[in-house]
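> What follows is the file query-v2.cif, containing mmCIF, C-alpha atoms:
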```
data_coords
loop_
_atom_site.label_atom_id
_atom_site.label_comp_id
_atom_site.auth_asym_id
_atom_site.auth_seq_id
_atom_site.Cartn_x
_atom_site.Cartn_y
_atom_site.Cartn_z
CA MET A 1 0.00 0.00 0.00
CA TYR A 2 1.07 3.62 -0.38
CA ASP A 3 2.54 5.36 2.67
CA LYS A 4 2.71 2.08 4.57
CA GLY A 5 4.99 3.43 7.23
CA LYS A 6 2.88 6.48 8.02
CA ILE A 7 -0.32 4.45 8.17
CA ILE A 8 1.04 1.74 10.46
CA GLY A 9 2.69 4.36 12.65
CA GLY A 10 -0.47 6.44 12.87
CA LEU A 11 -2.54 3.38 13.76
CA ALA A 12 -0.13 2.42 16.51
CA VAL A 13 -0.30 5.94 18.02
CA PHE A 14 -4.10 5.90 17.82
CA LEU A 15 -4.35 2.51 19.55
CA CYS A 16 -2.05 3.68 22.33
CA LEU A 17 -4.20 6.76 22.93
CA ALA A 18 -7.49 4.87 22.67
CA THR A 19 -6.48 2.23 25.19
CA PHE A 20 -4.76 4.76 27.46
CA PRO A 21 -7.22 4.31 30.38
CA VAL A 22 -6.71 0.55 30.43
CA TRP A 23 -2.91 0.33 30.40
CA TYR A 24 -2.32 3.43 32.48
CA ILE A 25 -4.47 2.22 35.37
CA ALA A 26 -2.95 -1.25 35.20
CA ALA A 27 0.56 0.12 35.14
CA SER A 28 0.23 2.77 37.83
CA GLY A 29 -1.21 0.35 40.41
CA LYS A 30 -4.49 2.16 40.80
CA ALA A 31 -6.30 -1.02 39.68
CA ASP A 32 -5.43 -2.52 43.03
CA TYR A 33 -7.57 0.06 44.87
CA ARG A 34 -10.31 -1.49 46.95
CA SER A 35 -12.68 0.73 48.88
CA ASP A 36 -12.38 0.06 52.61
CA PRO A 37 -15.57 0.69 54.50
CA VAL A 38 -15.06 0.81 58.24
CA LEU A 39 -17.08 -2.01 59.77
CA PRO A 40 -18.90 -1.26 63.01
CA ALA A 41 -17.09 -2.06 66.22
CA SER A 42 -19.79 -4.27 67.71
CA ASP A 43 -19.48 -7.96 66.96
CA ASN A 44 -23.09 -8.52 66.06
CA THR A 45 -23.67 -10.19 62.75
CA CYS A 46 -25.43 -8.39 59.97
CA VAL A 47 -28.85 -9.39 58.67
CA GLU A 48 -27.29 -11.56 55.97
CA SER A 49 -23.75 -12.64 55.07
CA THR A 50 -21.23 -10.04 53.93
CA GLN A 51 -21.04 -11.44 50.42
CA TYR A 52 -24.83 -11.39 50.10
CA MET A 53 -25.00 -7.85 51.42
CA LYS A 54 -22.31 -6.66 49.05
CA GLU A 55 -24.29 -7.90 46.08
CA TYR A 56 -27.88 -7.51 47.17
CA HIS A 57 -28.19 -4.89 49.89
CA MET A 58 -30.12 -2.55 47.62
CA GLN A 59 -32.54 -5.30 46.58
CA LEU A 60 -32.97 -6.30 50.20
CA LEU A 61 -33.73 -2.72 51.18
CA GLN A 62 -36.30 -2.42 48.41
CA GLN A 63 -37.88 -5.69 49.48
CA TRP A 64 -38.00 -4.37 53.04
CA ARG A 65 -39.52 -1.13 51.86
CA ASP A 66 -42.33 -2.82 49.96
CA SER A 67 -42.94 -5.26 52.76
CA ALA A 68 -43.14 -2.67 55.53
CA VAL A 69 -44.80 0.21 53.72
CA ARG A 70 -47.14 -1.44 51.27
CA ASN A 71 -47.83 -4.85 52.81
CA GLY A 72 -47.68 -3.86 56.46
CA VAL A 73 -45.31 -6.71 57.37
CA SER A 74 -42.59 -5.24 59.54
CA THR A 75 -40.57 -8.30 60.50
CA TYR A 76 -38.03 -10.03 58.34
CA VAL A 77 -36.86 -13.61 58.80
CA ALA A 78 -33.27 -13.91 57.65
CA SER A 79 -31.75 -16.97 56.02
CA ASP A 80 -30.40 -18.10 59.38
CA ASN A 81 -33.92 -17.87 60.83
CA THR A 82 -33.26 -14.80 62.97
CA THR A 83 -36.10 -12.29 63.02
CA TYR A 84 -35.30 -8.66 62.41
CA ASP A 85 -37.41 -5.55 62.67
CA ILE A 86 -37.68 -3.94 59.24
CA SER A 87 -36.34 -0.45 59.75
CA LEU A 88 -33.54 1.36 57.96
CA THR A 89 -32.86 3.69 60.86
CA GLY A 90 -33.59 1.21 63.62
CA THR A 91 -31.93 -1.96 62.35
CA CYS A 92 -29.31 -1.07 59.73
CA LEU A 93 -28.16 2.36 60.81
CA LYS A 94 -28.04 1.40 64.46
CA CYS A 95 -24.81 -0.52 63.78
CA HIS A 96 -23.67 1.18 60.57
CA SER A 97 -24.16 4.59 62.05
CA ASN A 98 -21.26 6.45 60.47
CA LYS A 99 -22.25 7.19 56.91
CA SER A 100 -19.00 8.75 55.75
CA GLU A 101 -16.85 5.91 57.04
CA PHE A 102 -19.02 3.06 55.87
CA CYS A 103 -21.59 3.86 53.21
CA ASP A 104 -19.72 6.64 51.42
CA ARG A 105 -16.48 4.70 51.03
CA CYS A 106 -17.91 2.41 48.36
CA HIS A 107 -20.60 4.76 47.09
CA ASN A 108 -18.13 7.54 46.35
CA TYR A 109 -15.76 5.21 44.56
CA THR A 110 -18.49 3.71 42.41
CA GLY A 111 -20.21 7.03 41.80
CA VAL A 112 -23.52 6.00 43.34
CA ALA A 113 -25.71 8.53 45.12
CA PRO A 114 -28.75 6.82 46.63
CA ASN A 115 -31.39 9.24 47.86
CA CYS A 116 -32.40 7.31 50.98
CA TRP A 117 -30.98 10.00 53.23
CA ASN A 118 -33.21 12.70 51.80
CA CYS A 119 -35.82 11.36 54.20
CA HIS A 120 -34.31 8.78 56.53
CA ASN A 121 -32.13 10.28 59.24
CA ILE A 122 -28.76 8.95 60.29
CA PRO A 123 -27.78 9.08 63.95
CA PRO A 124 -26.15 12.43 64.66
CA GLN A 125 -22.42 12.63 63.97
CA PRO A 126 -20.11 15.53 64.74
CA ASN A 127 -19.48 17.82 61.76
CA MET A 128 -22.13 16.11 59.75
CA SER A 129 -25.71 17.00 58.92
CA LEU A 130 -28.46 14.49 59.43
CA ARG A 131 -28.22 13.77 55.73
CA GLY A 132 -24.66 12.55 56.01
CA THR A 133 -23.23 15.59 54.27
CA PRO A 134 -20.49 17.62 55.93
CA MET B 1 -92.41 -21.93 13.63
CA ASN B 2 -89.81 -24.60 13.46
CA LEU B 3 -88.08 -24.60 16.85
CA GLU B 4 -85.36 -27.13 17.65
CA ARG B 5 -85.33 -28.80 21.07
CA ARG B 6 -81.91 -27.42 21.91
CA THR B 7 -82.87 -23.87 21.00
CA PHE B 8 -85.99 -24.14 23.12
CA LEU B 9 -83.99 -25.32 26.12
CA LYS B 10 -81.50 -22.46 25.76
CA LEU B 11 -84.29 -19.88 25.59
CA ALA B 12 -86.06 -21.39 28.58
CA THR B 13 -82.93 -21.36 30.76
CA LEU B 14 -82.11 -17.76 29.92
CA SER B 15 -85.65 -16.63 30.68
CA LEU B 16 -85.63 -18.43 34.00
CA LEU B 17 -82.32 -16.76 34.97
CA ALA B 18 -83.63 -13.35 33.96
CA LEU B 19 -86.80 -13.78 36.00
CA ALA B 20 -84.84 -15.03 39.03
CA ALA B 21 -82.38 -12.13 39.03
CA LYS B 22 -84.56 -9.60 40.82
CA PRO B 23 -85.71 -11.88 43.67
CA ALA B 24 -82.10 -13.00 44.25
CA PHE B 25 -80.93 -9.40 44.35
CA ASP B 26 -83.68 -8.46 46.81
CA LEU B 27 -82.75 -11.40 48.99
CA LEU B 28 -79.11 -10.36 49.20
CA ALA B 29 -80.11 -6.80 49.92
CA ARG B 30 -81.79 -7.89 53.15
CA PRO B 31 -79.33 -6.82 55.85
CA GLU B 32 -79.46 -9.99 57.91
CA ILE B 33 -78.56 -12.15 54.92
CA ALA B 34 -75.75 -9.80 53.88
CA ARG B 35 -74.37 -9.83 57.39
CA ALA B 36 -74.52 -13.63 57.59
CA LEU B 37 -72.62 -13.91 54.33
CA GLY B 38 -69.97 -11.46 55.53
CA LEU B 39 -70.86 -8.98 52.81
CA SER B 40 -72.05 -6.28 55.14
CA PRO B 41 -69.67 -3.36 55.73
CA GLU B 42 -70.28 -3.67 59.45
CA ASN B 43 -68.15 -6.80 59.49
CA ARG B 44 -65.13 -5.02 58.08
CA LYS B 45 -62.59 -3.61 60.47
CA ARG B 46 -62.67 0.12 60.04
CA LEU B 47 -60.78 2.67 62.07
CA ALA B 48 -62.56 5.93 62.79
CA MET B 49 -62.24 9.04 64.88
CA VAL B 50 -64.83 11.10 66.71
CA VAL B 51 -64.15 14.78 67.39
CA ASP B 52 -66.25 16.25 70.17
CA LEU B 53 -66.61 19.91 69.23
CA LYS B 54 -68.17 20.78 72.57
CA ALA B 55 -65.19 19.45 74.52
CA CYS B 56 -62.49 20.78 72.19
CA THR B 57 -60.70 23.77 73.69
CA ALA B 58 -59.27 25.06 70.42
CA ASP B 59 -60.94 28.41 70.99
CA THR B 60 -58.81 29.04 74.06
CA GLY B 61 -55.73 28.76 71.89
CA CYS B 62 -55.05 25.10 72.61
CA THR B 63 -53.04 23.42 69.85
CA ASP B 64 -51.85 20.36 71.75
CA CYS B 65 -52.97 17.86 69.14
CA ILE B 66 -51.45 19.81 66.28
CA ALA B 67 -48.16 20.27 68.09
CA ALA B 68 -47.97 16.59 69.06
CA CYS B 69 -48.73 15.33 65.57
CA HIS B 70 -46.34 17.67 63.84
CA LYS B 71 -43.56 16.90 66.29
CA VAL B 72 -43.87 13.11 66.12
CA HIS B 73 -43.96 13.06 62.34
CA ASN B 74 -41.35 15.74 61.58
CA VAL B 75 -43.84 17.98 59.82
CA PRO B 76 -42.05 21.17 58.77
CA ASP B 77 -43.22 24.65 59.67
CA ILE B 78 -42.75 26.53 56.41
CA GLY B 79 -44.33 29.72 57.66
CA SER B 80 -46.14 30.85 54.56
CA ARG B 81 -49.81 30.14 53.99
CA LYS B 82 -49.17 29.17 50.39
CA GLU B 83 -46.66 26.44 51.12
CA GLU B 84 -47.64 25.32 54.60
CA ILE B 85 -47.80 21.65 55.43
CA LYS B 86 -50.34 20.47 57.90
CA TRP B 87 -51.51 17.04 58.91
CA ILE B 88 -54.12 18.35 61.34
CA ARG B 89 -55.42 21.93 61.43
CA GLU B 90 -58.15 24.23 62.68
CA ALA B 91 -60.78 26.01 60.65
CA SER B 92 -63.96 27.91 61.35
CA TYR B 93 -67.32 26.15 61.39
CA ASP B 94 -68.28 27.68 58.04
CA GLN B 95 -65.11 26.50 56.40
CA ALA B 96 -65.37 23.01 57.84
CA PHE B 97 -69.03 22.39 56.98
CA PRO B 98 -69.82 24.55 53.94
CA GLU B 99 -72.79 22.44 52.96
CA GLN B 100 -74.62 23.36 56.17
CA GLU B 101 -76.57 26.30 54.92
CA ASN B 102 -78.40 27.19 58.12
CA LYS B 103 -78.17 30.93 58.65
CA PHE B 104 -78.94 30.45 62.32
CA VAL B 105 -76.57 27.93 63.80
CA LYS B 106 -76.51 26.77 67.41
CA GLU B 107 -74.54 29.44 69.20
CA ALA B 108 -72.40 26.99 71.10
CA ILE B 109 -70.73 25.82 67.90
CA ARG B 110 -71.20 28.74 65.53
CA ASP B 111 -68.01 30.50 66.46
CA ARG B 112 -65.93 27.51 67.40
CA ASN B 113 -62.89 26.28 65.59
CA VAL B 114 -63.19 22.80 64.14
CA LEU B 115 -60.34 20.32 63.98
CA LEU B 116 -59.74 19.02 60.47
CA LEU B 117 -57.61 16.12 59.33
CA CYS B 118 -57.59 13.46 56.66
CA ASN B 119 -60.92 11.70 56.89
CA HIS B 120 -59.60 8.30 55.76
CA CYS B 121 -62.66 7.84 53.62
CA ASP B 122 -64.15 4.47 52.86
CA ASN B 123 -64.47 5.50 49.25
CA PRO B 124 -61.46 7.76 48.83
CA PRO B 125 -61.25 9.88 45.67
CA CYS B 126 -57.53 10.44 46.18
CA VAL B 127 -56.87 6.69 45.94
CA ARG B 128 -58.97 6.50 42.82
CA VAL B 129 -56.93 9.07 40.93
CA CYS B 130 -53.38 8.35 42.05
CA PRO B 131 -51.51 7.32 38.88
CA THR B 132 -48.85 5.31 40.72
CA GLN B 133 -50.94 3.91 43.59
CA ALA B 134 -48.70 5.77 45.98
CA THR B 135 -51.78 6.16 48.13
CA TRP B 136 -54.08 3.26 48.81
CA ARG B 137 -56.77 2.24 51.25
CA ARG B 138 -55.52 -0.34 53.72
CA GLU B 139 -57.74 -3.18 54.96
CA ASP B 140 -58.25 -1.53 58.32
CA GLY B 141 -59.52 1.70 56.78
CA ILE B 142 -56.40 3.87 56.88
CA VAL B 143 -55.60 5.62 53.60
CA MET B 144 -51.85 5.10 53.45
CA MET B 145 -49.13 7.03 51.65
CA ASP B 146 -46.00 5.54 50.15
CA TYR B 147 -43.65 8.47 49.73
CA HIS B 148 -41.22 6.37 47.71
CA ARG B 149 -43.73 5.94 44.96
CA CYS B 150 -45.25 9.39 44.96
CA ILE B 151 -44.29 11.37 41.87
CA GLY B 152 -45.67 14.65 43.13
CA CYS B 153 -48.32 15.12 40.45
CA ARG B 154 -50.79 16.43 43.09
CA TYR B 155 -53.74 14.74 41.43
CA CYS B 156 -54.74 13.48 44.87
CA MET B 157 -54.74 17.04 46.16
CA ALA B 158 -57.09 18.01 43.38
CA ALA B 159 -59.33 15.04 44.09
CA CYS B 160 -59.55 15.40 47.86
CA PRO B 161 -62.66 17.46 48.64
CA TYR B 162 -61.45 18.28 52.15
CA GLY B 163 -58.07 19.86 51.56
CA SER B 164 -56.35 17.35 53.82
CA ARG B 165 -53.22 16.93 51.73
CA SER B 166 -50.16 19.13 51.54
CA PHE B 167 -47.38 19.27 49.00
CA ASN B 168 -43.72 19.75 49.80
CA TRP B 169 -42.83 22.73 47.66
CA ARG B 170 -39.37 22.85 49.10
CA ASP B 171 -36.97 20.69 51.05
CA PRO B 172 -38.61 20.34 54.45
CA ARG B 173 -35.60 19.59 56.56
CA PRO B 174 -34.43 23.12 57.37
CA TYR B 175 -37.96 23.96 58.52
CA ILE B 176 -38.33 21.18 61.05
CA LYS B 177 -37.74 22.77 64.42
CA ASP B 178 -37.41 19.73 66.64
CA ILE B 179 -36.50 16.72 64.60
CA ASP B 180 -37.54 13.30 65.86
CA LEU B 181 -34.79 10.98 64.70
CA SER B 182 -36.79 7.80 64.96
CA TYR B 183 -39.22 8.82 62.22
CA PRO B 184 -38.22 9.84 58.69
CA GLU B 185 -39.38 13.04 57.12
CA ARG B 186 -40.42 13.60 53.55
CA THR B 187 -38.49 15.02 50.66
CA ARG B 188 -39.28 17.84 48.29
CA GLY B 189 -41.89 16.94 45.69
CA VAL B 190 -44.16 14.52 47.53
CA VAL B 191 -47.62 14.94 48.97
CA GLU B 192 -48.16 14.14 52.63
CA LYS B 193 -51.09 13.84 54.98
CA CYS B 194 -52.27 12.37 58.25
CA ASN B 195 -51.78 8.59 58.43
CA PHE B 196 -53.77 7.93 61.65
CA CYS B 197 -50.36 7.26 63.24
CA ASP B 198 -50.14 3.79 61.78
CA GLU B 199 -46.60 3.37 63.11
CA ARG B 200 -47.91 4.04 66.65
CA LEU B 201 -50.90 1.76 66.09
CA ALA B 202 -48.48 -1.01 65.16
CA GLU B 203 -46.94 -0.61 68.62
CA GLY B 204 -50.33 -0.56 70.29
CA LYS B 205 -50.31 3.17 71.08
CA PRO B 206 -53.12 5.58 70.25
CA PRO B 207 -52.58 8.32 67.67
CA ALA B 208 -50.46 11.24 68.86
CA CYS B 209 -53.30 13.75 68.69
CA VAL B 210 -55.63 11.53 70.70
CA GLU B 211 -52.97 11.03 73.33
CA ALA B 212 -52.10 14.71 73.54
CA CYS B 213 -55.65 15.99 73.87
CA LYS B 214 -56.18 16.96 77.49
CA SER B 215 -59.89 17.66 77.20
CA GLY B 216 -60.74 14.25 75.79
CA ALA B 217 -62.25 15.70 72.64
CA LEU B 218 -60.71 13.06 70.39
CA THR B 219 -61.77 9.45 70.45
CA PHE B 220 -60.26 6.85 68.17
CA GLY B 221 -60.97 3.21 67.53
CA GLU B 222 -62.57 0.59 65.36
CA MET B 223 -66.12 1.28 64.32
CA MET B 224 -67.50 -1.97 65.67
CA PRO B 225 -70.15 -2.58 68.33
CA GLY B 226 -68.61 -2.28 71.79
CA THR B 227 -65.93 0.33 71.11
CA ASP B 228 -65.92 3.92 72.37
CA VAL B 229 -66.29 5.44 68.92
CA TYR B 230 -69.22 3.18 68.11
CA GLY B 231 -70.86 4.15 71.38
CA LEU B 232 -70.44 7.86 70.68
CA VAL B 233 -71.74 7.58 67.13
CA SER B 234 -74.77 5.49 68.03
CA THR B 235 -75.86 7.60 71.00
CA ASN B 236 -75.22 11.11 69.66
CA TYR B 237 -76.04 12.99 66.52
CA THR B 238 -72.85 13.30 64.45
CA VAL B 239 -72.06 15.16 61.28
CA ARG B 240 -69.34 14.49 58.75
CA ARG B 241 -67.78 16.83 56.25
CA LYS B 242 -69.43 17.01 52.82
CA PRO B 243 -71.38 13.75 53.13
CA GLU B 244 -73.25 14.38 49.88
CA LEU B 245 -70.10 13.56 47.90
CA GLY B 246 -70.28 9.86 48.76
CA THR B 247 -66.71 9.57 50.00
CA GLN B 248 -67.85 8.07 53.33
CA PRO B 249 -65.41 9.94 55.56
CA GLN B 250 -64.56 8.27 58.86
CA VAL B 251 -64.08 11.35 61.03
CA TYR B 252 -67.32 12.11 62.86
CA TYR B 253 -68.02 15.42 64.61
CA LEU B 254 -70.22 15.73 67.66
CA VAL B 255 -72.03 19.04 67.36
#
```
Mind turning this structure into structure tokens?


Amino acid sequence: MYDKGKIIGGLAVFLCLATFPVWYIAASGKADYRSDPVLPASDNTCVESTQYMKEYHMQLLQQWRDSAVRNGVSTYVASDNTTYDISLTGTCLKCHSNKSEFCDRCHNYTGVAPNCWNCHNIPPQPNMSLRGTP
Amino acid sequence: MNLERRTFLKLATLSLLALAAKPAFDLLARPEIARALGLSPENRKRLAMVVDLKACTADTGCTDCIAACHKVHNVPDIGSRKEEIKWIREASYDQAFPEQENKFVKEAIRDRNVLLLCNHCDNPPCVRVCPTQATWRREDGIVMMDYHRCIGCRYCMAACPYGSRSFNWRDPRPYIKDIDLSYPERTRGVVEKCNFCDERLAEGKPPACVEACKSGALTFGEMMPGTDVYGLVSTNYTVRRKPELGTQPQVYYLV
């Protein structure tokens, strides 16, 4: 082909630029970043296992919401047969009471902004509003 | 005419059913039969409230019920008449009962303030029009709100003939004076109203307004024979707001 050198060279430069995010992150070590939420100090177990909560906590909360608000059923029987009171503030936030050290660590990294705290209050923290904002 | 046996039998059956329809309907309309079959509304659990206007001390400036309700449920105090949010409020007798056209009203109630709240109708127009079913009538009579599902279209506010519902025009949190952390508040863009304290009823407590009233003007309970509300309604003359609309409100006023 005509101008073989220029074409191959240009393609190589373009591929480098196009895949820049992938190889730069891999090379600079930022791919190893894992968000580290601070677990609560008490040694109570959570409603379900950690792995289940990591994957399904939003679905569980929505199931709780429909159950408590629309169906009037305010108790939840977990997979290990413990009964919990369905309440975001009363059950979940009683242990996970520090939003910026627990919830925000993963949410900020993944760019998720759930609007639960527009209405539901978190327990008061110093230097933080009841919405979990500084 | 040439009529087949099968055609004749079909015509005969249909005629018999048509002739039997009215007697069957009249039979079911007899109250004792309806009650025995469980079709009568008296068998349904229905929560109701009776407001005794003679005992209410709202005219002396008492707002205990309003203050209790608005504190327990984190109702904001916006301050402007246009945007105010109220779950329970006072109004004059004329405003509360506009269909009563008597020019000469009993003096004892003519100048009194009347306590108004969501009537938790049996046939609620707000439930009928909600496009997302964010409000629905629960089995025990309470008209519930699901703030998660409300889209803020305010159709329910247009449909409610009593003005019981309020819209959050702005973020309520800065306007809540004394926040109660155990109960959530609402966000901007949803409609809210009295919920007969269903979270307190679930714990076996009476509604906040009923508990706060020192003059015993508010009575709450199931409208079934044997309860206080049933006793008050069956031994006194009660009025309800705008009964001609057919909404069957469940807040009764002793005048």

> List every residue of chain B that has an atom at most 6 Å from any atom of chain A, giving for each one its closest atom pair and the distance in Å to one decimal, counting only C-alpha atoms, sorted by chain and then by ascending residue number, as JSON lines.


```
{"residue": "B:Pro184", "atom": "CA", "partner": "A:His120", "partner_atom": "CA", "distance": 4.6}
{"residue": "B:Glu185", "atom": "CA", "partner": "A:Cys119", "partner_atom": "CA", "distance": 4.9}
{"residue": "B:Arg186", "atom": "CA", "partner": "A:Cys119", "partner_atom": "CA", "distance": 5.2}
{"residue": "B:Thr187", "atom": "CA", "partner": "A:Cys119", "partner_atom": "CA", "distance": 5.7}
```

> What is the distance, in Å and to one decimal place, between CA of Ile78 (chain B) and CA of Val191 (chain B)?

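Here the two named atoms are 14.6 Å from each other.
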
> Provide the CA of Leu117 (chain B) to CA of Tyr147 (chain B) distance in Å, to one decimal place.

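Interatomic distance here is 18.6 Å.
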
> So, with all atoms listed in the file as the atoms that count, which of B:Val255, B:Ile33, B:Ile142, B:Val129 lies closest to Lys54 (chain B)?

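Checking each of B:Val255, B:Ile33, B:Ile142, B:Val129 against Lys54 (chain B), counting all atoms listed in the file, the winner is B:Val255.
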
> Counting only C-alpha atoms, write as a PyMOL selection string all protein and nucleic acid residues lying at most 9 Å from (-46.4, 22.2, 59.4) in the file's frame.

chain B and resi 66+70+74-79+84-88+175-176

> What's around region 242-245 of chain B at 8 Å? Count all atoms listed in the file, leave out sequence neighbours fewer than 6 positions away in its own chain, and write the answer as a list in words.

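Listed by chain and then number, they are Phe97, Pro98, Glu99 and Pro161 of chain B.
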
> Decode the PyMOL selection byres ((chain B and resi 225) around 12) for the given file into explicit residues and return them as a list in words.

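Taken on the displayed file, the PyMOL selection byres ((chain B and resi 225) around 12) yields the residues Glu42, Asn43, Arg44, Lys45, Arg46, Gly221, Glu222, Met223, Met224, Gly226, Thr227, Asp228, Val229, Tyr230, Gly231, Leu232, Val233, Ser234 and Thr235 of chain B.
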
> Can you measure CA of Arg105 (chain A) to CA of Thr83 (chain A) for me? One decimal in Å is fine.

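It comes out at 28.6 Å.
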
> (-59.2, 17.1, 48.3) in this file's frame - what residues fall within 12 Å of it? Use only C-alpha atoms and give the answer as a PyMOL selection string.

chain B and resi 117-121+124-129+154-166+191+193+241-242+245+247+249

> List the residues selected by the PyMOL selection byres ((chain B and resi 65) around 6) in the file shown, writing them as a PyMOL selection string.

chain B and resi 63-64+66-68+209+212-213

> Suppose we keep C-alpha atoms; can you now write the selection as a PDB file, in the frame of the given file?


```pdb
ATOM      1  CA  THR B  63     -53.040  23.420  69.850  1.00  0.00           C
ATOM      2  CA  ASP B  64     -51.850  20.360  71.750  1.00  0.00           C
ATOM      3  CA  ILE B  66     -51.450  19.810  66.280  1.00  0.00           C
ATOM      4  CA  ALA B  67     -48.160  20.270  68.090  1.00  0.00           C
ATOM      5  CA  ALA B  68     -47.970  16.590  69.060  1.00  0.00           C
ATOM      6  CA  CYS B 209     -53.300  13.750  68.690  1.00  0.00           C
ATOM      7  CA  ALA B 212     -52.100  14.710  73.540  1.00  0.00           C
ATOM      8  CA  CYS B 213     -55.650  15.990  73.870  1.00  0.00           C
TER       9      CYS B 213
END
```

> Mind rebuilding region 113-127 of chain B with N, CA and C atoms and writing that out as an mmCIF file, keeping the file's coordinate frame?


```cif
data_model
loop_
_atom_site.group_PDB
_atom_site.id
_atom_site.type_symbol
_atom_site.label_atom_id
_atom_site.label_comp_id
_atom_site.auth_asym_id
_atom_site.auth_seq_id
_atom_site.Cartn_x
_atom_site.Cartn_y
_atom_site.Cartn_z
ATOM 1 N N ASN B 113 -63.797 26.842 66.581
ATOM 2 C CA ASN B 113 -62.890 26.280 65.590
ATOM 3 C C ASN B 113 -63.068 24.775 65.533
ATOM 4 N N VAL B 114 -62.997 24.245 64.334
ATOM 5 C CA VAL B 114 -63.190 22.800 64.140
ATOM 6 C C VAL B 114 -61.853 22.184 63.762
ATOM 7 N N LEU B 115 -61.594 21.002 64.280
ATOM 8 C CA LEU B 115 -60.340 20.320 63.980
ATOM 9 C C LEU B 115 -60.511 19.505 62.702
ATOM 10 N N LEU B 116 -59.627 19.726 61.737
ATOM 11 C CA LEU B 116 -59.740 19.020 60.470
ATOM 12 C C LEU B 116 -58.510 18.159 60.229
ATOM 13 N N LEU B 117 -58.722 16.984 59.681
ATOM 14 C CA LEU B 117 -57.610 16.120 59.330
ATOM 15 C C LEU B 117 -58.057 15.241 58.178
ATOM 16 N N CYS B 118 -57.187 14.380 57.725
ATOM 17 C CA CYS B 118 -57.590 13.460 56.660
ATOM 18 C C CYS B 118 -58.704 12.579 57.192
ATOM 19 N N ASN B 119 -59.763 12.443 56.411
ATOM 20 C CA ASN B 119 -60.920 11.700 56.890
ATOM 21 C C ASN B 119 -60.813 10.192 56.693
ATOM 22 N N HIS B 120 -59.763 9.736 56.010
ATOM 23 C CA HIS B 120 -59.600 8.300 55.760
ATOM 24 C C HIS B 120 -60.900 7.683 55.276
ATOM 25 N N CYS B 121 -61.352 8.229 54.154
ATOM 26 C CA CYS B 121 -62.660 7.840 53.620
ATOM 27 C C CYS B 121 -62.713 6.363 53.280
ATOM 28 N N ASP B 122 -63.924 5.843 53.318
ATOM 29 C CA ASP B 122 -64.150 4.470 52.860
ATOM 30 C C ASP B 122 -64.094 4.381 51.351
ATOM 31 N N ASN B 123 -64.410 5.469 50.708
ATOM 32 C CA ASN B 123 -64.470 5.500 49.250
ATOM 33 C C ASN B 123 -63.606 6.669 48.792
ATOM 34 N N PRO B 124 -62.282 6.559 48.971
ATOM 35 C CA PRO B 124 -61.460 7.760 48.830
ATOM 36 C C PRO B 124 -61.225 8.178 47.388
ATOM 37 N N PRO B 125 -61.528 9.426 47.041
ATOM 38 C CA PRO B 125 -61.250 9.880 45.670
ATOM 39 C C PRO B 125 -59.765 10.011 45.382
ATOM 40 N N CYS B 126 -58.967 10.288 46.417
ATOM 41 C CA CYS B 126 -57.530 10.440 46.180
ATOM 42 C C CYS B 126 -56.924 9.112 45.740
ATOM 43 N N VAL B 127 -57.388 8.004 46.312
ATOM 44 C CA VAL B 127 -56.870 6.690 45.940
ATOM 45 C C VAL B 127 -57.254 6.364 44.509
#
```
